[in-house]
>>> print(open('start-v3.cif').read())   # mmCIF, C-alpha atoms
data_entry
loop_
_atom_site.label_atom_id
_atom_site.label_comp_id
_atom_site.auth_asym_id
_atom_site.auth_seq_id
_atom_site.Cartn_x
_atom_site.Cartn_y
_atom_site.Cartn_z
CA MET A 17 55.75 18.57 78.50
CA LYS A 18 57.80 15.37 78.51
CA ALA A 19 61.16 14.75 76.85
CA ILE A 20 62.16 11.98 74.44
CA ILE A 21 65.93 11.79 74.11
CA SER A 22 67.24 9.58 71.33
CA HIS A 23 70.66 8.84 69.91
CA ASP A 24 71.78 8.24 66.31
CA ILE A 25 74.71 5.86 65.85
CA ASP A 26 76.59 7.18 62.81
CA HIS A 27 80.01 5.62 63.44
CA ILE A 28 81.51 2.69 65.33
CA THR A 29 85.18 2.63 64.33
CA VAL A 30 87.64 5.00 62.68
CA TRP A 31 88.91 2.35 60.29
CA GLU A 32 85.52 1.89 58.64
CA HIS A 33 86.21 5.23 56.92
CA LEU A 34 89.77 4.56 55.72
CA THR A 35 88.92 3.85 52.08
CA LYS A 36 85.13 4.26 51.88
CA ASP A 37 84.65 8.04 52.03
CA THR A 38 86.32 11.40 52.73
CA ILE A 39 85.20 11.63 56.37
CA LEU A 40 88.71 11.38 57.85
CA PRO A 41 90.46 14.19 55.89
CA LYS A 42 87.43 16.44 56.43
CA TYR A 43 87.44 15.58 60.13
CA ILE A 44 91.15 16.40 60.47
CA ALA A 45 90.63 19.73 58.68
CA ARG A 46 87.70 20.48 60.98
CA MET A 47 89.82 19.72 64.08
CA HIS A 48 92.51 22.17 63.01
CA LEU A 49 89.97 24.86 62.12
CA GLU A 50 88.23 24.52 65.50
CA LEU A 51 91.57 24.68 67.33
CA ILE A 52 92.82 27.72 65.41
CA SER A 53 89.52 29.56 65.91
CA GLY A 54 89.63 28.86 69.65
CA LYS A 55 86.47 26.73 69.69
CA ILE A 56 88.23 23.67 71.13
CA SER A 57 91.16 23.31 73.52
CA PHE A 58 94.48 21.67 72.75
CA ARG A 59 93.43 18.83 75.07
CA GLU A 60 90.34 18.15 72.94
CA PHE A 61 92.49 18.35 69.83
CA PHE A 62 94.93 15.82 71.31
CA LEU A 63 92.15 13.48 72.47
CA ARG A 64 90.63 13.43 69.00
CA TYR A 65 93.93 12.21 67.63
CA THR A 66 94.13 9.49 70.29
CA ASP A 67 90.69 8.29 69.17
CA PHE A 68 92.32 7.37 65.84
CA PHE A 69 94.73 5.01 67.56
CA LYS A 70 91.99 3.52 69.74
CA ASN A 71 89.89 3.01 66.59
CA LYS A 72 86.88 4.17 68.61
CA TRP A 73 84.23 6.52 67.29
CA GLN A 74 81.32 5.46 69.48
CA ASN A 75 80.45 5.96 73.15
CA ILE A 76 77.38 3.76 73.42
CA ASP A 77 78.26 2.01 76.67
CA GLU A 78 79.22 5.26 78.39
CA LEU A 79 76.02 6.98 77.25
CA ILE A 80 73.77 4.13 78.40
CA THR A 81 75.44 4.24 81.82
CA PHE A 82 74.95 8.00 82.12
CA ASN A 83 71.33 7.74 81.02
CA ASN A 84 70.64 4.94 83.49
CA VAL A 85 72.09 6.95 86.37
CA ASN A 86 69.85 9.87 85.39
CA LYS A 87 66.80 7.65 84.84
CA ILE A 88 66.62 8.41 81.12
CA PRO A 89 65.27 5.54 79.01
CA SER A 90 67.89 5.07 76.29
CA SER A 91 66.59 5.10 72.71
CA PHE A 92 69.07 4.37 69.92
CA PHE A 93 68.82 4.35 66.14
CA ILE A 94 71.38 1.98 64.59
CA ALA A 95 71.91 1.18 60.91
CA VAL A 96 72.04 -2.12 59.01
CA ASN A 97 72.84 -0.45 55.70
CA LYS A 98 75.54 1.92 54.47
CA GLY A 99 75.36 5.36 52.93
CA VAL A 100 76.31 9.06 53.15
CA GLY A 101 79.32 8.70 55.45
CA LEU A 102 77.81 5.86 57.48
CA ASN A 103 80.01 2.85 56.78
CA TYR A 104 79.95 0.39 59.66
CA SER A 105 79.09 -3.21 58.85
CA VAL A 106 76.23 -5.31 60.16
CA LYS A 107 78.94 -7.47 61.77
CA ASN A 108 80.11 -4.47 63.83
CA ALA A 109 76.57 -3.32 64.59
CA LEU A 110 75.28 -6.64 65.94
CA PRO A 111 77.34 -6.74 69.18
CA TRP A 112 75.97 -3.30 70.08
CA ILE A 113 72.43 -4.35 69.25
CA ILE A 114 72.87 -7.32 71.59
CA GLN A 115 74.27 -5.12 74.36
CA MET A 116 71.50 -2.56 73.97
CA LYS A 117 68.88 -5.32 74.15
CA LEU A 118 70.51 -6.76 77.28
CA ARG A 119 70.47 -3.30 78.87
CA HIS A 120 66.80 -2.77 77.97
CA CYS A 121 67.35 0.07 75.51
CA GLU A 122 64.78 0.99 72.91
CA ILE A 123 66.27 0.20 69.50
CA GLY A 124 65.16 1.56 66.15
CA LEU A 125 66.64 1.68 62.68
CA HIS A 126 68.87 4.51 61.49
CA GLY A 127 67.56 4.43 57.96
CA ILE A 128 69.45 4.93 54.74
CA SER A 129 66.83 4.19 52.05
CA PHE A 130 64.28 6.98 51.79
CA GLU A 131 63.38 7.38 48.11
CA ASN A 132 62.31 3.96 46.88
CA ARG A 133 59.49 2.01 48.54
CA ASP A 134 61.01 -1.41 47.74
CA ASP A 135 64.35 -0.38 49.25
CA ILE A 136 62.59 0.95 52.35
CA GLU A 137 60.75 -2.34 52.82
CA THR A 138 63.94 -4.35 52.26
CA GLU A 139 65.73 -2.37 54.95
CA TYR A 140 62.78 -2.81 57.33
CA LYS A 141 62.76 -6.59 56.84
CA LEU A 142 66.54 -6.87 57.28
CA PHE A 143 66.48 -4.93 60.56
CA LYS A 144 63.58 -7.03 61.86
CA GLN A 145 65.36 -10.25 60.93
CA LEU A 146 68.69 -9.22 62.47
CA THR A 147 67.29 -7.81 65.72
CA ASN A 148 64.28 -10.08 66.24
CA ILE A 149 62.38 -7.02 67.49
CA PRO A 150 58.71 -7.21 66.48
CA ASP A 151 57.82 -3.50 66.67
CA PHE A 152 60.30 -0.68 66.13
CA GLY A 153 60.74 2.79 64.71
CA ILE A 154 63.13 4.68 62.49
CA ARG A 155 64.95 7.95 61.98
CA MET A 156 66.54 8.62 58.62
CA HIS A 157 70.26 9.26 58.50
CA TYR A 158 70.76 13.01 58.02
CA VAL A 159 66.93 13.17 58.40
CA ARG A 160 66.67 12.79 54.63
CA ASN A 161 63.18 12.47 53.21
CA ASN A 162 60.97 13.37 50.29
CA GLN A 163 57.21 13.74 49.83
CA GLU A 164 56.69 9.97 49.80
CA THR A 165 59.11 8.88 52.55
CA LEU A 166 56.84 9.01 55.59
CA ILE A 167 53.90 7.28 53.94
CA ASN A 168 56.23 4.56 52.64
CA LEU A 169 57.67 4.09 56.11
CA ALA A 170 54.15 3.65 57.45
CA LYS A 171 53.33 1.15 54.71
CA ALA A 172 56.52 -0.80 55.48
CA GLY A 173 55.29 -1.42 59.03
CA TYR A 174 57.24 0.96 61.26
CA THR A 175 55.61 1.70 64.61
CA TYR A 176 57.04 5.21 64.76
CA ASP A 177 59.31 7.62 62.91
CA SER A 178 61.25 10.64 64.13
CA THR A 179 62.67 12.08 60.94
CA GLU A 180 60.58 15.23 60.75
CA HIS A 181 61.98 18.34 62.41
CA GLY A 182 59.65 21.04 63.67
CA LEU A 183 57.50 22.48 66.44
CA LYS A 184 54.71 19.96 65.98
CA ASN A 185 53.09 17.40 68.25
CA PRO A 186 53.09 13.69 67.36
CA TYR A 187 50.55 12.67 64.76
CA LYS A 188 49.58 9.48 63.00
CA ILE A 189 50.26 8.37 59.44
CA MET A 190 48.19 5.22 58.95
CA ASN A 191 49.33 3.03 61.89
CA MET A 192 52.66 4.83 62.37
CA TRP A 193 53.21 7.63 64.85
CA GLU A 194 55.32 10.52 63.60
CA PHE A 195 57.36 12.22 66.35
CA PRO A 196 58.77 15.52 65.06
CA PHE A 197 61.86 16.50 67.05
CA GLN A 198 62.97 19.99 67.98
CA ILE A 199 66.59 19.88 69.17
CA MET A 200 69.68 18.25 67.64
CA ASP A 201 73.18 18.61 69.05
CA GLY A 202 74.87 19.49 65.76
CA TRP A 203 72.30 22.10 64.80
CA VAL A 204 72.85 23.85 68.12
CA ILE A 205 76.65 23.66 68.39
CA GLN A 206 77.58 23.91 64.71
CA ASN A 207 74.90 26.53 64.09
CA GLY A 208 74.53 26.01 60.36
CA THR A 209 78.18 25.18 59.59
CA ARG A 210 80.23 21.98 59.33
CA TRP A 211 82.27 22.73 62.47
CA GLN A 212 81.76 23.94 66.01
CA ASN A 213 81.26 27.69 65.95
CA VAL A 214 79.58 28.46 69.28
CA ASN A 215 80.72 28.08 72.88
CA LEU A 216 78.82 26.32 75.65
CA GLU A 217 76.99 29.41 76.90
CA ALA A 218 75.77 30.30 73.41
CA ALA A 219 74.63 26.69 72.93
CA LYS A 220 72.69 26.86 76.20
CA THR A 221 71.01 30.13 75.18
CA ALA A 222 69.94 28.72 71.80
CA THR A 223 68.60 25.58 73.46
CA LEU A 224 66.59 27.51 76.04
CA GLN A 225 65.06 29.58 73.24
CA LYS A 226 63.99 26.40 71.46
CA ILE A 227 62.51 24.93 74.65
CA ASP A 228 60.64 28.18 75.25
CA GLU A 229 59.25 28.04 71.71
CA ALA A 230 58.14 24.44 72.35
CA HIS A 231 56.34 25.52 75.54
CA LYS A 232 54.55 28.33 73.68
CA LYS A 233 53.47 25.87 70.97
CA ASN A 234 52.22 23.49 73.67
CA ILE A 235 54.49 20.68 72.50
CA LYS A 236 53.68 17.55 74.50
CA TYR A 237 56.87 15.61 73.75
CA LEU A 238 60.11 17.56 73.39
CA GLY A 239 62.28 15.62 70.92
CA ILE A 240 66.05 15.73 71.44
CA ASP A 241 68.64 14.02 69.23
CA PHE A 242 72.12 13.58 70.71
CA HIS A 243 74.75 11.51 68.89
CA ASP A 244 76.62 8.99 71.06
CA ARG A 245 79.93 9.88 69.42
CA TYR A 246 79.92 13.26 71.14
CA PHE A 247 79.54 11.84 74.64
CA SER A 248 83.28 12.20 75.10
CA HIS A 249 85.91 14.60 76.45
CA SER A 250 87.13 14.79 72.85
CA PHE A 251 84.04 16.96 72.33
CA LYS A 252 83.88 18.85 75.60
CA THR A 253 81.29 21.43 74.56
CA TRP A 254 78.97 18.71 73.25
CA LEU A 255 79.46 16.57 76.35
CA ASN A 256 78.91 19.46 78.76
CA TRP A 257 75.90 20.66 76.76
CA TYR A 258 74.21 17.27 76.98
CA MET A 259 74.85 16.91 80.71
CA TRP A 260 73.63 20.48 81.30
CA LEU A 261 70.49 19.82 79.24
CA VAL A 262 69.67 16.69 81.24
CA ASP A 263 70.14 18.59 84.52
CA TYR A 264 68.00 21.47 83.25
CA LEU A 265 65.14 19.16 82.29
CA LYS A 266 65.33 17.36 85.62
CA LEU A 267 65.32 20.63 87.59
CA ASN A 268 62.27 21.75 85.65
CA LYS A 269 60.40 18.51 86.41
CA ILE A 270 60.25 17.41 82.78
CA GLU A 271 59.77 13.65 82.69
CA PHE A 272 61.89 11.46 80.41
CA VAL A 273 60.08 8.86 78.33
CA ASN A 274 60.90 6.76 75.30
CA PHE A 275 58.88 6.38 72.11
CA LYS A 276 57.16 3.21 73.32
CA THR A 277 55.87 4.91 76.47
CA ALA A 278 54.79 8.00 74.53
CA ILE A 279 52.87 5.85 72.04
CA ALA A 280 51.09 4.02 74.86
CA GLU A 281 50.07 7.39 76.32
CA LEU A 282 48.90 8.72 72.97
CA GLU A 283 46.95 5.56 72.15
CA SER A 284 45.33 5.65 75.58
CA LYS A 285 44.19 9.23 75.01
CA GLN A 286 42.80 8.26 71.61
CA ASP A 287 40.83 5.39 73.17
CA SER A 288 39.48 7.68 75.88
CA SER A 289 38.44 10.24 73.28
CA ILE A 290 36.58 7.61 71.25
CA LYS A 291 34.75 6.37 74.34
CA THR A 292 33.81 9.93 75.31
CA ASP A 293 32.53 10.69 71.80
CA ASN A 294 30.41 7.57 71.89
#
>>> encode(input="start-v3.cif", output="structure tokens")
Amino acid sequence: MKAIISHDIDHITVWEHLTKDTILPKYIARMHLELISGKISFREFFLRYTDFFKNKWQNIDELITFNNVNKIPSSFFIAVNKGVGLNYSVKNALPWIIQMKLRHCEIGLHGISFENRDDIETEYKLFKQLTNIPDFGIRMHYVRNNQETLINLAKAGYTYDSTEHGLKNPYKIMNMWEFPFQIMDGWVIQNGTRWQNVNLEAAKTATLQKIDEAHKKNIKYLGIDFHDRYFSHSFKTWLNWYMWLVDYLKLNKIEFVNFKTAIAELESKQDSSIKTDN
């Protein structure tokens, strides 16, 4: 088994949400609920308020640095469209795209359009034009999809997608590789709710169970989705969970790869199989 760790960029600033959605009042209510229920400390509560004044809801630079130190190839999904609580502008996204390119990160689209083929293709072309990246993948925001989404993504020209969630190995849809993922930070730590309702030890236990299931299913590439926003002492459980998970994978000799490397390996195996069959 190898591990592909990727990161969805859902927010860049606090101010992008001031008049566009109800994220901020919901977030403040969530903070108070988590404090009252004992799920977060007063220090975390205080730090989350200081994030408002810093107007900072991303930790991209810090996460790239941590990944580099731990020899994890950084893979990010960043949006060029708005929708469902994702409200940063292309203007704010571009400096991070440039930095990620300079630091040799793998960059894919965090997709918004999933229902209409024309909208999917428009989003694909815009991302390609803005980033000047010839081949790239996608993960849908909130992993939204319908029966036609994946085939339309393949038709649009994406090299890979990682929207599907499940204990399945990568498979091909036309020329696009689908990489189902198994672990997402929020699903572990929020455990089916809209707020943190487990502690670190419970999060570790749930994660180990999922990794064990992946081993039993002979999953070749363990997919992990960790949001950059939570790589912060404002979210201590999330931060500690991610660092623990990286250490656990390293101790168990699980190699870190990105989607590009995984695709090269999969394509090589396909070529070898064809030659053997012939």
>>> residues_around(input="start-v3.cif", residues="segment 148-156 of chain A", least_positions_apart="6", cutoff="10 Å", atoms="all atoms listed in the file", output="MDAnalysis selection string")
chainID A and resid 22:24 92:95 117 122:130 140 142 165 169:170 173:180 192:195 275:276
>>> atom_distance(input="start-v3.cif", atom1="atom CA of Gln198 of chain A", atom2="atom CA of Trp211 of chain A")
20.3 Å
>>> residues_around(input="start-v3.cif", residues="Ile88 of chain A", least_positions_apart="4", cutoff="7 Å", atoms="all atoms listed in the file", output="NGL selection string")
:A and (83-84 or 272)
>>> residues_around(input="start-v3.cif", residues="Lys232 of chain A", least_positions_apart="6", cutoff="12 Å", atoms="all atoms listed in the file", output="PyMOL selection string")
chain A and resi 17+183-184+225-226
>>> resolve_selection(input="start-v3.cif", expression="the PyMOL selection byres ((chain A and resi 246) around 10)", output="NGL selection string")
:A and (73-75 or 79 or 201-202 or 242-245 or 247-256 or 258)
>>> closest_residue(input="start-v3.cif", among="A:His120, A:Trp260, A:Ser105, A:Ser53", to="Thr29 of chain A", atoms="all atoms listed in the file")
A:Ser105
>>> resolve_selection(input="start-v3.cif", expression="the PyMOL selection byres ((chain A and resi 282) around 12)", output="number ranges by chain")
A: 185-188, 192-195, 236-237, 275-281, 283-289
